[in-house]
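Working notes for the structure below.
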Amino acid sequence: MSTASALRLDLAGLRTLPAQVWGGVRLVPLVRDEPLPGLRLHQELYGDGVGVVRVAPHTAYVSYIPHGFVADWGAGPAASYGTLLHGAHGTPPPVDAVPVRFHRRMVRRTAKHRLRFLPLHLALEGYLSLHFGGPSIAWEEWSQQALRRGLSPRVEEAYCGAEVRGLADALRVFEIHPGQCGVLLYTADALAAAFAVPHPDDYRALHATLVQDLYGELVHHYALLSAPVQDFAPHLDAERIHSTADLREALAEQRRQWADFHTGTMAAGLLAPQYTARTAYRAGDFTLSRFLPAFVPRTEAHIGEAITAPDGRIAYLKTFRLSESQIRRGHLLTHLAANDWHLARTAAALSLTPADLTARLSSASLAPLLRHRPPQRAR
Amino acid sequence: MPTEGLIAAEDVLLFANAAITATSQREFHSDADEQRLSLDFLHAYMLGNYRDLYAAVLALDINDHNAALIIRHLLATSREATEQQRRTEGLLIASRFALLPPQRGYALVAELRKAKVNNRRTRAIVRDWLAARPDLAFDAVKYRTGVKTAMRHAHLPAPDAELGDFLFRPRARARFTAPLLETWRRAHYEQAAVFELPFTVAEGFAARHGIARTAFLDRIAPRMTRGERLRLQESARERGATAVLADLTGMPLTRLAGYVLGLPPDTRVARRAELTGALRAAARRAAGPEAGTWGRVTAVLDDSFSTHASAQKRRRPLAVALATHFLLDSLAGTYTALWTSGRRDALLAQPYGATPLGERLVDALETRPDRLVVVSDGWDNAPPGMAAEVLRVWRERLDPDGRVAVVHLNPVYDADSFDVRRLSPAVPTAGIRDAEDLPSLVGLARFATGRSGLPELRAHLDTRIAAFLAPAGAAR
């Protein structure tokens, strides 16, 4: 098991350019002045169906996994792989049953300098397996099931990007900038996802995969209910402009202001907090890790995975925004684990009564863990 | 009432822009249904409120799709027209109908039949149009169903018994005396006869006889029209059919620009001299006597990803920009072109990247031109709205006298706003379909700033109508 370390996301080397808006979706391009050398990403398609990943002995992760990413840190300059169609012999014939595809591990080395991993599922599995083993001490409050099987089966729901209203269109009409290596995706101006890759060609090839990614309940609801968001229209102060040079300066000033506003305000929920990172794989000089937030209720929280270069720059980043109930579950589980799963002590740490805590556990759908479930509140 | 006049003038300009650009096809930002719905509404609105102005738009350089729609709507509501309107409308419809390409003309008659529009006026117009067709036997072979429908719908007898038999009783005769009709009959049995038919008809027979595509293309090449040859040249070359060679020198400018953009970049580099020469020649022809008279001109040309348009209108906005580039080059005394992507070589233009119009406008204004032409779909997005700000500040602070004439030409109809997208209220915007219409559009665009009222616009339309109808009147 790898050790946890603190991580703060830093988009150094990625410049923010003006956002493009389509309906309730805002896409903020991130541009690298020059590509990050030594690492390339491409896509591996698995087709529709259920993916089953064996993550540990007797433990499996089951989800809709349409594609995986392959990181290549072998030979120096290389062309982008682009999209690889399923298999070498064309598309498989349609089948009546839901196809099931088995993957061995989330992250797997497939050749000498090549690593296959399942984007976002790596991060999600990190969240799902949080204190998956269940109570470490058999206090009498915990049920037999919790003691024997831990949190299994642990289930979370997410929406496919194609179901997030307006996202597919927004990605289609988005004009990719030259040198663009990433994007921050907002629905109703709430940060939904961040995506960054090392090379502009990789981004061009992987831009469309955003529509196959997973998005939380919050993102889906915001996109569904949002009115069209407004462009941040620039305003030039006519009084201060006496020549075209002034005009050019004012334009540059507007760009700077937007970039500062975006990193300082709009993306602050992603960039400001401290994350707990665990290394998933070391690929040459690059490190693939997944990170979890601090789980503070009623605060924006993202889980994700990142590949960092030896100098700490982010080569690859992909995040998933947790919804409020998911944050609350994480919050309760981390506090329980910190207090050795002792109910009274945990309640005290959270300044609650034990009865309140059991009520919270059951409303966070963790009731099966408890031996004596509190009565369901009348609706 | 001046306000009412202004509103009417605005409505007419809005409709003219739509009628020049909209084709009810899928665009980059909206799909075909949105486009069609939006355009249909606009037609109904204009017809209901300004019938005479609606008809007058036929005299402008609107596209064939909208011309056909206007004709159809006018004919369907003949009863609502006054005696005076009827006369002008009739002349306008007849003149514009004659300008429609034959396939569109026959499609329009089919539409009229489907809509059960069969008043006396409709029948007379169809009759006159058919009578003016140069070779009805040729039409009968090439647009067989179209001619049949038109004759049935307008209650016309066939001009001669043989043609009547050909259309309605093809098995009644053992042989035809008209050579083309006889060739058509023989083509059913004889491969050699296939190659004497028009290309589209021969294509069907070739499939029936199982003639290999390459051999077919090689032998049918002399029978192809100019457009067919241009369209099929590349696929024929890939198959090894060498006889299909388009003559680029006679092509219209925008069509040629579209062809050039369809070629891969290395082919464009390899054929640079030939392609540039053809584009220059077409531009010179389009510029005519105005060549070299526009003084210092700077153009801001959009080659962002959105100029890729859609599968139906592939690279159309970019083709218009490229054609405008060459046209302005021959119209201007001194010419500077600024592509939004920063590209210098116009021939290698590709839809790529975002649209930093604001920055390009500053670059353009720095060249101190007499005239600034912007060709863009109006989706300024890096950052959005910057072009409007730059133009506003420029007008307020740096050029309050309006020394630089700025005009925005937009090749894309925006379904949501029922108009082409505008860059800024300070700058006139006009729709553009073919770069060749540029000089006349710049004339129309001056009404678009909202300062000229309906009387001026009406006077402008009247001159255009007079000019449009003049050759027709002279012929009669």
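We name chains A, B, ... following the order of the structure tokens; residues begin at 1 in each chain, and ligands are numbered from 1 as shown.
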
Expected answer as a PDB file with C-alpha atoms, in the first residue's frame: chain A residues within 8 Å of chain B, only C-alpha atoms:
ATOM      1  CA  LEU A  17      -7.663  31.889 -21.824  1.00  0.00           C
ATOM      2  CA  PRO A  18     -11.116  33.449 -22.239  1.00  0.00           C
ATOM      3  CA  ALA A  19     -14.035  31.124 -21.610  1.00  0.00           C
ATOM      4  CA  GLN A  20     -16.495  29.941 -24.243  1.00  0.00           C
ATOM      5  CA  VAL A 173     -19.022  24.031 -30.809  1.00  0.00           C
ATOM      6  CA  GLU A 175     -13.154  26.161 -30.614  1.00  0.00           C
ATOM      7  CA  ILE A 176      -9.946  24.526 -29.409  1.00  0.00           C
ATOM      8  CA  HIS A 177      -7.104  27.027 -29.085  1.00  0.00           C
ATOM      9  CA  PRO A 178      -3.717  26.376 -30.627  1.00  0.00           C
ATOM     10  CA  ASP A 231     -20.359  35.789 -21.068  1.00  0.00           C
ATOM     11  CA  PHE A 232     -17.975  37.916 -19.067  1.00  0.00           C
ATOM     12  CA  ALA A 233     -18.098  40.786 -21.551  1.00  0.00           C
ATOM     13  CA  PRO A 234     -14.990  42.943 -21.359  1.00  0.00           C
ATOM     14  CA  HIS A 235     -15.277  46.653 -20.797  1.00  0.00           C
ATOM     15  CA  LEU A 236     -12.652  49.084 -22.019  1.00  0.00           C
ATOM     16  CA  ALA A 238     -12.623  54.806 -23.384  1.00  0.00           C
ATOM     17  CA  GLU A 239     -11.284  57.792 -21.423  1.00  0.00           C
ATOM     18  CA  ILE A 241      -7.349  55.348 -24.666  1.00  0.00           C
ATOM     19  CA  HIS A 242      -5.563  57.789 -26.944  1.00  0.00           C
ATOM     20  CA  SER A 243      -3.940  55.530 -29.523  1.00  0.00           C
ATOM     21  CA  THR A 244      -4.046  52.000 -30.893  1.00  0.00           C
ATOM     22  CA  LEU A 247      -6.054  49.931 -27.106  1.00  0.00           C
ATOM     23  CA  ARG A 248      -3.685  46.970 -27.376  1.00  0.00           C
ATOM     24  CA  LEU A 251      -6.818  44.294 -24.376  1.00  0.00           C
ATOM     25  CA  ARG A 255      -6.896  39.160 -20.537  1.00  0.00           C
TER      26      ARG A 255
END

Just the residues within 10 Å of His221 in chain A, please, counting only C-alpha atoms, with nothing from its chain fewer than 2 positions along; format it as an NGL selection string.
:A and (164-165 or 187-188 or 216-219 or 223-226)

Please, could you write that set of residues out with C-alpha atoms as a JSON list (two decimals), in the first residue's frame?
[["chain", "number", "residue", "atom", "x", "y", "z"],
["A", 164, "VAL", "CA", -25.59, 16.22, -18.88],
["A", 165, "ARG", "CA", -27.77, 18.66, -20.75],
["A", 187, "THR", "CA", -22.16, 24.04, -15.35],
["A", 188, "ALA", "CA", -24.21, 26.96, -14.06],
["A", 216, "GLY", "CA", -21.81, 13.87, -10.29],
["A", 217, "GLU", "CA", -25.44, 14.42, -9.48],
["A", 218, "LEU", "CA", -24.80, 18.08, -8.72],
["A", 219, "VAL", "CA", -23.33, 18.72, -12.16],
["A", 223, "ALA", "CA", -26.88, 21.71, -16.12],
["A", 224, "LEU", "CA", -30.51, 20.65, -16.30],
["A", 225, "LEU", "CA", -31.89, 23.56, -14.30],
["A", 226, "SER", "CA", -29.49, 26.30, -15.27]]

Taking 5 positions as the minimum chain separation for residues in the same chain, which residues sit within 9 Å of Leu343 in chain A when counting only C-alpha atoms? Answer as an mmCIF file with N, CA and C atoms, in the first residue's frame.
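Okay, selection-v3.cif is ready:
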data_model
loop_
_atom_site.group_PDB
_atom_site.id
_atom_site.type_symbol
_atom_site.label_atom_id
_atom_site.label_comp_id
_atom_site.auth_asym_id
_atom_site.auth_seq_id
_atom_site.Cartn_x
_atom_site.Cartn_y
_atom_site.Cartn_z
ATOM 1 N N TRP A 139 -16.801 -2.873 18.020
ATOM 2 C CA TRP A 139 -17.676 -2.269 19.018
ATOM 3 C C TRP A 139 -19.076 -2.824 18.847
ATOM 4 N N GLU A 141 -21.925 -1.531 18.656
ATOM 5 C CA GLU A 141 -22.924 -0.818 17.852
ATOM 6 C C GLU A 141 -22.949 -1.291 16.411
ATOM 7 N N LEU A 336 -15.126 8.623 11.627
ATOM 8 C CA LEU A 336 -15.248 7.339 12.316
ATOM 9 C C LEU A 336 -13.898 6.648 12.368
ATOM 10 N N ALA A 348 -18.605 12.914 19.950
ATOM 11 C CA ALA A 348 -18.027 14.015 20.724
ATOM 12 C C ALA A 348 -17.133 14.878 19.842
ATOM 13 N N PRO A 354 -24.541 10.775 20.452
ATOM 14 C CA PRO A 354 -24.484 9.516 19.685
ATOM 15 C C PRO A 354 -25.763 9.273 18.895
ATOM 16 N N LEU A 357 -25.628 11.183 15.751
ATOM 17 C CA LEU A 357 -24.674 10.596 14.817
ATOM 18 C C LEU A 357 -25.293 9.390 14.111
ATOM 19 N N THR A 358 -25.992 8.529 14.871
ATOM 20 C CA THR A 358 -26.615 7.377 14.195
ATOM 21 C C THR A 358 -27.661 7.859 13.197
#

Compare A:Arg329, A:Arg313, A:Arg256, A:Arg360 by their minimum atom-to-atom distance to Leu9 in chain A, counting only C-alpha atoms, and give me the closest one.
A:Arg313

Near Gln326 in chain A, counting only C-alpha atoms, which residues have an atom at most 10 Å away, once you skip same-chain residues fewer than 5 positions from it, shown as number ranges by chain?
A: 127-128, 156-157, 216-217, 295, 297, 301, 321, 331, 364

Write the selection just made, keeping C-alpha atoms, as a PDB file, in the first residue's frame?
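That gives us result-v3.pdb:
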ATOM      1  CA  TYR A 127     -13.189   7.340  -2.968  1.00  0.00           C
ATOM      2  CA  LEU A 128     -15.288   4.158  -2.840  1.00  0.00           C
ATOM      3  CA  GLU A 156     -22.246   5.579  -5.818  1.00  0.00           C
ATOM      4  CA  GLU A 157     -24.189   6.986  -8.750  1.00  0.00           C
ATOM      5  CA  GLY A 216     -21.810  13.871 -10.286  1.00  0.00           C
ATOM      6  CA  GLU A 217     -25.441  14.417  -9.475  1.00  0.00           C
ATOM      7  CA  PHE A 295     -14.500  16.227   3.132  1.00  0.00           C
ATOM      8  CA  PRO A 297     -19.675  19.439   4.424  1.00  0.00           C
ATOM      9  CA  ALA A 301     -14.947  19.062  -3.057  1.00  0.00           C
ATOM     10  CA  ARG A 321     -16.913  16.891  -8.396  1.00  0.00           C
ATOM     11  CA  HIS A 331     -16.859  13.184   6.147  1.00  0.00           C
ATOM     12  CA  ALA A 364     -26.173   9.181   4.647  1.00  0.00           C
TER      13      ALA A 364
END

Name all residues at most 12 Å from Thr346 in chain A (count only C-alpha atoms; drop same-chain ones fewer than 6 positions away) and give them as a PyMOL selection string.
chain A and resi 331-340+352-358+361
